[in-house]
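J.: Next comes the structure file entry-v3.tsv, holding TSV, C-alpha atoms and all ligand atoms.
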chain	number	residue	atom	x	y	z
B	836	MET	CA	128.68	89.65	163.64
B	837	LYS	CA	125.26	91.13	164.35
B	838	ARG	CA	122.29	90.29	162.16
B	839	CYS	CA	119.48	92.80	161.43
B	840	LYS	CA	116.23	92.21	159.62
B	841	THR	CA	114.74	95.68	159.55
B	842	VAL	CA	116.00	99.13	158.55
B	843	GLU	CA	115.24	100.37	162.08
B	844	ALA	CA	117.39	97.64	163.67
B	845	LEU	CA	120.17	98.27	161.16
B	846	ARG	CA	120.18	102.00	161.93
B	847	ARG	CA	120.18	101.31	165.67
B	848	GLU	CA	123.16	98.92	165.48
B	849	LEU	CA	125.06	101.14	163.05
B	850	GLY	CA	124.48	104.13	165.32
B	851	LYS	CA	126.42	102.31	168.06
B	852	LEU	CA	129.15	100.95	165.76
B	853	ARG	CA	129.91	104.21	163.98
B	854	ALA	CA	130.27	106.25	167.19
B	855	GLY	CA	133.46	108.29	167.24
B	856	GLY	CA	133.44	109.05	163.52
B	857	LYS	CA	134.06	105.52	162.25
B	858	THR	CA	133.67	104.89	158.52
B	859	VAL	CA	131.07	102.44	157.23
B	860	GLY	CA	131.51	100.25	154.13
B	861	LEU	CA	128.50	98.58	152.55
B	862	VAL	CA	128.60	95.48	150.34
B	863	PRO	CA	125.20	94.80	148.74
B	864	THR	CA	124.64	91.19	147.58
B	865	MET	CA	121.87	88.75	146.74
B	866	GLY	CA	123.56	86.00	148.78
B	867	ALA	CA	124.67	82.51	147.69
B	868	LEU	CA	128.08	83.99	148.39
B	869	HIS	CA	131.25	82.93	146.57
B	870	GLU	CA	134.83	84.17	146.44
B	871	GLY	CA	133.77	87.10	144.22
B	872	HIS	CA	131.48	88.47	146.93
B	873	LEU	CA	133.98	87.68	149.68
B	874	THR	CA	136.67	89.64	147.85
B	875	LEU	CA	134.38	92.69	148.03
B	876	VAL	CA	133.93	92.09	151.76
B	877	ARG	CA	137.70	91.78	152.34
B	878	GLU	CA	138.24	94.98	150.37
B	879	ALA	CA	135.66	96.70	152.59
B	880	ARG	CA	137.32	95.24	155.71
B	881	ALA	CA	140.67	96.69	154.60
B	882	LYS	CA	139.24	100.18	153.86
B	883	CYS	CA	136.54	100.78	156.47
B	884	ASP	CA	136.09	100.60	160.24
B	885	VAL	CA	132.64	99.01	160.05
B	886	VAL	CA	131.61	96.50	157.36
B	887	VAL	CA	127.93	95.95	156.56
B	888	VAL	CA	126.88	93.26	154.11
B	889	SER	CA	123.32	93.00	152.83
B	890	VAL	CA	121.85	89.75	151.54
B	891	PHE	CA	118.58	90.37	149.76
B	892	VAL	CA	117.16	88.80	146.62
B	893	ASN	CA	115.53	91.89	145.22
B	894	PRO	CA	112.24	91.11	143.46
B	895	LEU	CA	112.26	94.50	141.66
B	896	GLN	CA	115.24	93.53	139.51
B	897	PHE	CA	113.84	90.24	138.20
B	898	GLY	CA	111.60	90.03	135.14
B	899	PRO	CA	108.41	87.91	135.16
B	900	ASN	CA	110.12	84.99	133.37
B	901	GLU	CA	113.39	85.16	135.28
B	902	ASP	CA	114.80	83.11	138.15
B	903	PHE	CA	113.56	85.05	141.20
B	904	GLU	CA	111.88	81.98	142.73
B	905	SER	CA	114.73	79.57	142.01
B	906	TYR	CA	117.61	81.96	142.80
B	907	PRO	CA	119.83	80.13	145.35
B	908	ARG	CA	119.15	81.17	148.95
B	909	ARG	CA	121.37	79.94	151.84
B	910	VAL	CA	121.66	82.65	154.43
B	911	ALA	CA	123.01	80.38	157.22
B	912	GLN	CA	126.02	79.41	155.10
B	913	ASP	CA	126.46	83.01	153.88
B	914	ALA	CA	126.53	84.21	157.51
B	915	LYS	CA	129.36	81.79	158.37
B	916	LEU	CA	131.42	82.94	155.39
B	917	LEU	CA	130.86	86.60	156.27
B	918	GLU	CA	131.77	86.03	159.90
B	919	ALA	CA	135.05	84.45	158.77
B	920	CYS	CA	135.77	87.51	156.57
B	921	GLY	CA	135.29	89.84	159.54
B	922	ALA	CA	131.99	91.51	158.56
B	923	ASP	CA	130.43	93.41	161.47
B	924	LEU	CA	126.79	93.50	160.43
B	925	LEU	CA	124.62	91.33	158.20
B	926	PHE	CA	121.47	93.00	156.93
B	927	VAL	CA	118.88	90.44	155.79
B	928	PRO	CA	115.54	92.14	155.28
B	929	THR	CA	112.49	90.28	154.03
B	930	THR	CA	110.62	91.60	151.00
B	931	GLU	CA	107.72	92.43	153.31
B	932	THR	CA	109.78	94.45	155.78
B	933	PHE	CA	111.96	96.17	153.16
B	934	TYR	CA	109.29	97.16	150.62
B	935	ASP	CA	106.03	98.81	151.44
B	936	PRO	CA	103.26	96.71	149.81
B	937	ASP	CA	102.40	99.87	147.89
B	938	HIS	CA	106.01	100.68	146.87
B	939	GLN	CA	105.94	102.95	143.81
B	940	THR	CA	109.05	105.13	143.56
B	941	MET	CA	111.79	103.98	141.18
B	942	ILE	CA	115.22	105.32	140.26
B	943	VAL	CA	115.73	105.51	136.49
B	944	ASN	CA	118.55	106.33	134.13
B	945	PRO	CA	116.65	106.76	130.87
B	946	ALA	CA	119.83	107.06	128.77
B	947	VAL	CA	121.59	103.84	129.75
B	948	GLN	CA	119.23	101.51	131.59
B	949	GLY	CA	117.71	100.21	128.34
B	950	LEU	CA	121.05	99.36	126.71
B	951	TYR	CA	122.92	96.00	126.66
B	952	CYS	CA	121.69	93.92	129.62
B	953	GLY	CA	118.85	96.40	130.07
B	954	LYS	CA	117.57	95.76	126.54
B	955	TYR	CA	117.02	92.08	127.34
B	956	ARG	CA	116.04	92.55	130.99
B	957	PRO	CA	113.53	95.43	130.92
B	958	GLY	CA	113.22	97.04	134.34
B	959	HIS	CA	116.26	95.22	135.71
B	960	PHE	CA	118.52	98.23	136.23
B	961	SER	CA	115.76	100.42	137.53
B	962	GLY	CA	115.05	97.69	140.11
B	963	ALA	CA	118.74	97.39	140.97
B	964	LEU	CA	119.24	101.17	141.31
B	965	THR	CA	116.15	101.46	143.48
B	966	VAL	CA	117.23	98.73	145.91
B	967	VAL	CA	120.77	100.14	146.08
B	968	ALA	CA	119.36	103.60	146.80
B	969	LYS	CA	117.23	102.13	149.60
B	970	LEU	CA	120.27	100.31	151.01
B	971	PHE	CA	122.35	103.49	150.83
B	972	PHE	CA	119.76	105.44	152.81
B	973	ALA	CA	119.36	102.61	155.30
B	974	ALA	CA	123.10	102.19	156.01
B	975	GLN	CA	124.42	105.65	155.04
B	976	PRO	CA	127.87	104.24	154.20
B	977	GLU	CA	130.94	106.32	153.36
B	978	PHE	CA	132.05	103.57	150.95
B	979	ALA	CA	130.12	101.00	148.90
B	980	PHE	CA	131.69	98.06	147.06
B	981	PHE	CA	130.58	96.64	143.72
B	982	GLY	CA	132.07	94.06	141.37
B	983	LYS	CA	133.28	94.90	137.88
B	984	LYS	CA	131.74	91.57	136.92
B	985	ASP	CA	128.51	93.59	136.59
B	986	TRP	CA	130.17	96.46	134.75
B	987	GLN	CA	127.04	98.19	133.51
B	988	GLN	CA	125.46	97.97	136.96
B	989	ALA	CA	128.55	99.42	138.68
B	990	TRP	CA	128.64	102.22	136.09
B	991	LEU	CA	124.95	103.06	136.65
B	992	ILE	CA	125.40	103.09	140.43
B	993	ALA	CA	128.45	105.37	140.22
B	994	LYS	CA	126.48	107.65	137.88
B	995	MET	CA	123.49	107.76	140.24
B	996	VAL	CA	125.75	108.70	143.16
B	997	SER	CA	127.54	111.40	141.19
B	998	ASP	CA	124.38	112.81	139.54
B	999	LEU	CA	122.65	113.05	142.92
B	1000	ASN	CA	125.75	114.26	144.86
B	1001	TRP	CA	125.51	111.50	147.45
B	1002	PRO	CA	128.56	111.47	149.76
B	1003	ILE	CA	129.40	107.82	149.05
B	1004	ARG	CA	132.60	106.53	147.44
B	1005	ILE	CA	131.93	103.71	144.99
B	1006	VAL	CA	134.75	101.16	144.95
B	1007	LYS	CA	134.77	98.91	141.87
B	1008	VAL	CA	136.46	95.57	142.50
B	1009	PRO	CA	138.02	93.45	139.71
B	1010	THR	CA	136.22	90.25	138.70
B	1011	VAL	CA	137.20	87.09	140.54
B	1012	ARG	CA	137.49	84.06	138.23
B	1013	GLY	CA	137.90	80.31	138.40
B	1014	LYS	CA	141.18	78.76	137.25
B	1015	ASP	CA	139.72	78.30	133.76
B	1016	GLY	CA	138.83	82.00	133.54
B	1017	LEU	CA	135.07	81.72	134.06
B	1018	ALA	CA	133.84	84.66	136.15
B	1019	LEU	CA	132.44	83.39	139.47
B	1020	SER	CA	128.68	83.80	139.61
B	1021	SER	CA	125.89	82.41	141.76
B	1022	ARG	CA	124.25	81.37	138.48
B	1023	ASN	CA	127.19	79.12	137.46
B	1024	GLU	CA	125.61	76.40	139.56
B	1025	TYR	CA	122.75	76.19	137.03
B	1026	LEU	CA	125.20	75.03	134.30
B	1027	ASP	CA	125.04	71.40	133.19
B	1028	PRO	CA	128.47	69.71	132.70
B	1029	LYS	CA	128.58	70.38	128.94
B	1030	SER	CA	127.74	74.06	129.35
B	1031	ARG	CA	130.19	74.35	132.25
B	1032	ALA	CA	132.91	72.96	129.97
B	1033	GLY	CA	132.05	75.46	127.20
B	1034	ALA	CA	131.55	78.56	129.34
B	1035	PRO	CA	135.27	79.48	129.81
B	1036	ALA	CA	135.26	80.28	126.08
B	1037	ILE	CA	133.66	83.61	127.01
B	1038	ARG	CA	136.79	84.72	128.85
B	1039	ALA	CA	139.05	83.19	126.18
B	1040	ALA	CA	137.21	85.15	123.47
B	1041	LEU	CA	137.50	88.41	125.43
B	1042	VAL	CA	141.22	87.89	126.09
B	1043	SER	CA	141.85	87.20	122.36
B	1044	LEU	CA	139.83	90.29	121.44
B	1045	LYS	CA	141.98	92.38	123.76
B	1046	LYS	CA	145.15	90.88	122.25
B	1047	ALA	CA	143.97	91.79	118.75
B	1048	GLN	CA	143.15	95.33	119.92
B	1049	VAL	CA	146.53	95.72	121.62
B	1050	SER	CA	148.16	94.52	118.38
B	1051	GLY	CA	146.52	97.39	116.52
B	1052	GLU	CA	142.99	96.36	115.45
B	1053	ARG	CA	140.63	99.22	116.34
B	1054	ASN	CA	137.60	98.31	114.28
B	1055	VAL	CA	134.80	97.34	116.65
B	1056	ALA	CA	132.82	95.29	114.11
B	1057	ARG	CA	135.82	93.12	113.26
B	1058	LEU	CA	136.89	92.68	116.90
B	1059	ALA	CA	133.35	91.74	117.92
B	1060	GLU	CA	132.81	89.31	115.04
B	1061	GLU	CA	135.85	87.22	115.90
B	1062	ALA	CA	134.93	87.02	119.60
B	1063	LYS	CA	131.35	85.99	118.81
B	1064	LYS	CA	132.66	83.17	116.58
B	1065	THR	CA	134.90	81.82	119.35
B	1066	ILE	CA	131.99	81.74	121.80
B	1067	SER	CA	129.62	80.12	119.27
B	1068	ARG	CA	132.15	77.40	118.48
B	1069	ALA	CA	132.15	76.47	122.20
B	1070	GLY	CA	128.34	76.10	122.19
B	1071	GLY	CA	127.41	79.53	123.55
B	1072	LYS	CA	124.57	81.63	122.13
B	1073	VAL	CA	125.67	85.25	122.23
B	1074	GLN	CA	122.79	87.53	123.26
B	1075	TYR	CA	124.88	90.66	122.72
B	1076	LEU	CA	128.54	91.60	122.52
B	1077	GLU	CA	129.21	95.33	122.40
B	1078	ILE	CA	132.30	97.48	122.67
B	1079	VAL	CA	131.39	100.68	124.47
B	1080	SER	CA	132.94	103.80	125.95
B	1081	GLN	CA	133.99	103.41	129.59
B	1082	LYS	CA	133.04	107.05	130.11
B	1083	SER	CA	129.60	107.32	128.50
B	1084	LEU	CA	128.73	103.61	128.12
B	1085	LEU	CA	127.60	104.40	124.57
B	1086	PRO	CA	128.65	102.14	121.66
B	1087	LEU	CA	131.88	102.83	119.78
B	1088	LYS	CA	132.71	102.17	116.14
B	1089	SER	CA	136.43	102.29	116.76
B	1090	VAL	CA	138.47	101.85	119.95
B	1091	THR	CA	139.88	105.36	120.21
B	1092	GLU	CA	139.19	105.91	123.90
B	1093	PRO	CA	139.10	103.67	127.01
B	1094	ALA	CA	136.47	101.06	126.24
B	1095	VAL	CA	134.88	97.96	127.71
B	1096	VAL	CA	133.58	94.88	125.94
B	1097	LEU	CA	130.25	93.84	127.44
B	1098	VAL	CA	128.89	90.39	126.65
B	1099	ALA	CA	125.93	88.18	127.60
B	1100	VAL	CA	125.85	84.56	126.50
B	1101	PHE	CA	123.47	81.67	126.97
B	1102	PHE	CA	124.96	78.27	127.70
B	1103	GLY	CA	121.91	76.06	127.70
B	1104	LYS	CA	119.28	77.95	129.67
B	1105	THR	CA	121.84	79.79	131.77
B	1106	ARG	CA	122.63	83.39	130.93
B	1107	LEU	CA	126.17	84.48	131.80
B	1108	ILE	CA	127.69	87.95	131.57
B	1109	ASP	CA	131.30	89.05	131.43
B	1110	ASN	CA	133.42	91.96	130.21
B	1111	ILE	CA	136.97	93.11	129.58
B	1112	GLU	CA	138.38	96.63	129.69
B	1113	LEU	CA	140.39	98.01	126.75
B	1114	SER	CA	142.68	101.00	126.97
B	1115	ALA	CA	143.04	103.25	123.95
B	1116	ARG	CA	146.44	102.96	122.28
B	1201	LIG	P1	125.09	89.60	143.33
B	1201	LIG	O1	124.91	88.84	144.60
B	1201	LIG	O2	125.26	88.73	142.14
B	1201	LIG	O3	124.08	90.70	143.16
B	1201	LIG	O4	126.48	90.34	143.46
B	1201	LIG	C1	126.75	91.20	144.54
B	1201	LIG	C2	128.01	91.96	144.25
B	1201	LIG	O5	129.09	91.05	144.05
B	1201	LIG	C3	127.90	92.79	142.96
B	1201	LIG	O6	128.55	94.04	143.17
B	1201	LIG	C4	128.64	91.95	141.96
B	1201	LIG	O7	129.21	92.69	140.90
B	1201	LIG	C5	129.73	91.34	142.83
B	1201	LIG	N1	130.25	90.12	142.22
B	1201	LIG	C6	129.55	89.05	141.78
B	1201	LIG	N2	130.36	88.15	141.21
B	1201	LIG	C7	131.62	88.66	141.29
B	1201	LIG	C8	132.91	88.22	140.85
B	1201	LIG	N3	133.07	87.05	140.24
B	1201	LIG	N4	133.96	89.02	141.08
B	1201	LIG	C9	133.80	90.23	141.70
B	1201	LIG	N5	132.63	90.69	142.13
B	1201	LIG	C10	131.54	89.93	141.92
Write out the structure in this file as structure tokens.
T.:
Amino acid sequence: MKRCKTVEALRRELGKLRAGGKTVGLVPTMGALHEGHLTLVREARAKCDVVVVSVFVNPLQFGPNEDFESYPRRVAQDAKLLEACGADLLFVPTTETFYDPDHQTMIVNPAVQGLYCGKYRPGHFSGALTVVAKLFFAAQPEFAFFGKKDWQQAWLIAKMVSDLNWPIRIVKVPTVRGKDGLALSSRNEYLDPKSRAGAPAIRAALVSLKKAQVSGERNVARLAEEAKKTISRAGGKVQYLEIVSQKSLLPLKSVTEPAVVLVAVFFGKTRLIDNIELSAR
């Protein structure tokens, strides 16, 4: 596996690897890799001739009081894991080489970036879209892989690509979970033992909500209320829990079309997100 630190080096290496019309798959990450990330890489390996993984903790998507400084960084270990998964290229830019000191241009989706996670993390999605756009132009992949764990993010990226007619196929990969149902996340390592014990209640609440919906309950307010109670009983502080249209990402009053439940919960100081898809009956 080759390692590149600059866009120029990445383009040079990719130029050699993609000779003969080979397809490139890109997996953008912030590192501290776990099975969730590695599942994306294996999916890319299965679909594409050349697999590029980026590891970059993107300052643009962190708010001033968020965990940019303390976000786990362990590139040497990440590189070993990626090598074992058969990645061809690891792109690890530094902030200084990737962003011009006078970087100004941002990608925005005014309709959706301020909803749900975006309401509580102003600027987050604009930062994420901007870095993904930069990565897309740097690697020019045919395919790019994103986790459904970050449902709103994957939706916004797919929308950006379709709105701007970029020739990139977005592959959305199902969430990888621990045995107790907790979605794997680099931030799970912040959880103290009590919070770690309570956190699987998020998944349990979402699974019960889906069961109730499958059994015939369509009313969003009632479905949401019950799920919030389950999470609160386990010690979680729900920041938001919304049931929204899979198509438009706008809130629903009643589950009459394919929907997704989006939730963010604090356990202690750690903010966790999760979701579950609902099909209309
Ligand atoms: P991150 O490093 O957290 O920015 O995540 C990089 C990519 O991995 C994103 O597309 C995430 O949605 C995806 N990802 C993170 N956790 C999981 C998981 N548990 N299952 C599937 N994909 C994940």
J.: Pick out the closest residue to Cys952 of chain B from this set: B:Thr864, B:Gln987, B:Gln939, B:Thr929. Count only C-alpha atoms.
T.: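 Among B:Thr864, B:Gln987, B:Gln939, B:Thr929, it is B:Gln987 that comes nearest to Cys952 of chain B.
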J.: Any idea what's packed within 7 Å of segment 1017-1021 of chain B, counting all atoms listed in the file, ignoring anything in its chain fewer than 4 positions away? Could you give it as a PyMOL selection string?
T.: chain B and resi 867+871+1010-1013+1034-1035+1038+1109
J.: Using all atoms listed in the file, which protein or nucleic acid residues are at most 9 Å from ligand LIG 1201 (chain B), as a PyMOL selection string?
T.: chain B and resi 862-875+890-893+963+980-986+988-989+1007-1013+1017-1022
J.: Go through B:Leu964, B:Tyr1075, B:Phe972, B:Phe1101 and flag the residue nearest Arg1031 of chain B, using all atoms listed in the file for the distances.
T.: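 Checking each candidate against Arg1031 of chain B, we get B:Phe1101 as the closest.
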J.: Smallest atom-to-atom distance to Tyr934 of chain B: which of B:Thr841, B:Ala979, B:Leu1026, B:Arg908, using all atoms listed in the file?
T.: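 Checking each of B:Thr841, B:Ala979, B:Leu1026, B:Arg908 against Tyr934 of chain B, counting all atoms listed in the file, the winner is B:Thr841.
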J.: Could you jot down the atom CA of Asn1110 of chain B to atom CA of Val886 of chain B separation for me, Å, one decimal place?
T.: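 Between atom CA of Asn1110 of chain B and atom CA of Val886 of chain B the gap works out to 27.6 Å.
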J.: For a test of reading the model, state the distance in Å between atom CA of Cys883 of chain B and atom CA of Pro976 of chain B, rounded to one decimal.
T.: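 Separation between atom CA of Cys883 of chain B and atom CA of Pro976 of chain B: 9.6 Å.
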J.: Find the residues with any atom within 12 Å of (118.1, 100.3, 138.5); use all atoms listed in the file and the coordinates as given in the file, and write the answer as a ChimeraX atom specification.
T.: /B:893-897,940-949,952-953,956-969,987-995
